[in-house]
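Enquirer: Below is one structure. I have some questions about it.
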Amino acid sequence: MARARDEDRNAGGLALKGPQARERLAAAARHRDVGQAADARRCVAEVLAEDPGDSEAAGLMAALAADDNDFDQGYRWAQRALDADQRAAGPHYTLGRLFQAEGRLAEAEASYLRAIEFGLSFEASDSSP
């Protein structure tokens with residue numbers, strides 16, 4: 001199975017961050033991977049409190065919302081991430097997930113293609129996105 005979940009986990013750009021912010025985002029991703037969404041959101045919120053424009057943190061919030069099928073929040077956070085970095089693959093991938101879940105297949109396809117264009121890669125894995 002494709003491991004695209006890594007793309008929406010790393011849903012922002014490659015902007016440099018302080019070590020503490022990077023660790024909090026890494027902790028958030030680990031929490032998300034084991035189903036601890038509340039802990040993941042808490043870690044991301046700490047980063048956003050310091051830097052509300054952090055595209056990676058906004059992208060991770062979008063991915064968490066998509067995991068919960070919270071479409072309004074997912075779209076809002078993905079747009080916030082893309083406002084900070086239009087070329088980030090993760091938010092485009094997350095938008096694709098949201099559109100697909102709503103049956104908006106043409107928009108989902110366009111978002112997935114943008115994610116690939118901006119660097120989405122798939123690796124062999126037994127976990128699903």
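Chain lettering (A, B, ...) mirrors the order of the structure tokens, residue numbering begins at 1 for each chain separately, and ligand numbering begins at 1 in order of display.
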Could you list, as a list in words, every residue within 7 Å of range 79-86 of chain A, counting only C-alpha atoms and ignoring same-chain residues fewer than 3 positions away?
Expert: Gly12, Gly13, Gly53, Ser55, Glu56, Ala58, Gly59, Tyr75, Arg76 and Pro91 of chain A
Enquirer: Going by DSSP on the backbone, which residues of range 5-69 of chain A come out as helix (DSSP H, G or I)? List them as a VMD selection string.
Expert: chain A and resid 5 to 9 19 to 33 37 to 50 55 to 67
Enquirer: Produce a file of the selected residues containing C-alpha atoms, as a tab-separated table (two decimals), in the first residue's frame.
Expert:
```tsv
chain	number	residue	atom	x	y	z
A	5	ARG	CA	0.32	9.43	5.02
A	6	ASP	CA	3.88	10.69	5.44
A	7	GLU	CA	3.11	13.44	2.95
A	8	ASP	CA	0.18	14.85	4.85
A	9	ARG	CA	2.06	14.34	8.09
A	19	PRO	CA	14.80	22.35	17.26
A	20	GLN	CA	11.97	22.57	19.78
A	21	ALA	CA	9.37	23.26	17.09
A	22	ARG	CA	10.70	20.39	14.97
A	23	GLU	CA	10.55	18.03	17.93
A	24	ARG	CA	7.00	19.06	18.77
A	25	LEU	CA	5.92	18.44	15.17
A	26	ALA	CA	7.71	15.08	15.17
A	27	ALA	CA	5.97	14.21	18.45
A	28	ALA	CA	2.65	15.25	16.92
A	29	ALA	CA	3.27	12.92	13.97
A	30	ARG	CA	4.12	10.04	16.31
A	31	HIS	CA	0.94	10.66	18.31
A	32	ARG	CA	-1.10	10.73	15.10
A	33	ASP	CA	0.46	7.47	13.92
A	37	ALA	CA	-5.16	12.75	17.89
A	38	ALA	CA	-5.72	14.93	20.98
A	39	ASP	CA	-2.04	14.70	21.92
A	40	ALA	CA	-1.04	15.40	18.31
A	41	ARG	CA	-3.25	18.49	18.23
A	42	ARG	CA	-1.77	19.71	21.51
A	43	CYS	CA	1.77	19.46	20.14
A	44	VAL	CA	0.81	21.24	16.93
A	45	ALA	CA	-1.03	23.96	18.87
A	46	GLU	CA	2.18	24.68	20.79
A	47	VAL	CA	4.02	25.29	17.53
A	48	LEU	CA	1.21	27.44	16.14
A	49	ALA	CA	1.16	29.49	19.34
A	50	GLU	CA	4.78	30.44	18.66
A	55	SER	CA	2.89	25.85	7.15
A	56	GLU	CA	3.97	22.43	8.37
A	57	ALA	CA	1.93	22.78	11.56
A	58	ALA	CA	-1.12	24.03	9.65
A	59	GLY	CA	-0.76	21.13	7.23
A	60	LEU	CA	-0.62	18.65	10.07
A	61	MET	CA	-3.77	20.17	11.56
A	62	ALA	CA	-5.42	19.71	8.14
A	63	ALA	CA	-4.36	16.06	8.07
A	64	LEU	CA	-5.73	15.51	11.59
A	65	ALA	CA	-9.03	17.08	10.57
A	66	ALA	CA	-9.13	14.88	7.46
A	67	ASP	CA	-8.55	11.82	9.64
```
Enquirer: Quick one: of A:Gly74, A:Arg97, A:Phe122, A:Pro52, who's nearest to Ala110 in chain A, counting only C-alpha atoms?
Expert: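 Under the stated criterion, the closest residue is A:Arg97.
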Enquirer: For CA of Leu113 in chain A and CA of Leu98 in chain A, determine how far apart the two atoms are, in Å to one decimal place.
Expert: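 Pair CA of Leu113 in chain A / CA of Leu98 in chain A returns 14.3 Å.
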Enquirer: Near Ser111 in chain A, counting only C-alpha atoms, which residues have an atom at most 12 Å away, once you skip same-chain residues fewer than 6 positions from it, shown as a PyMOL selection string?
Expert: chain A and resi 78+82+86-100+104-105+117-118+120
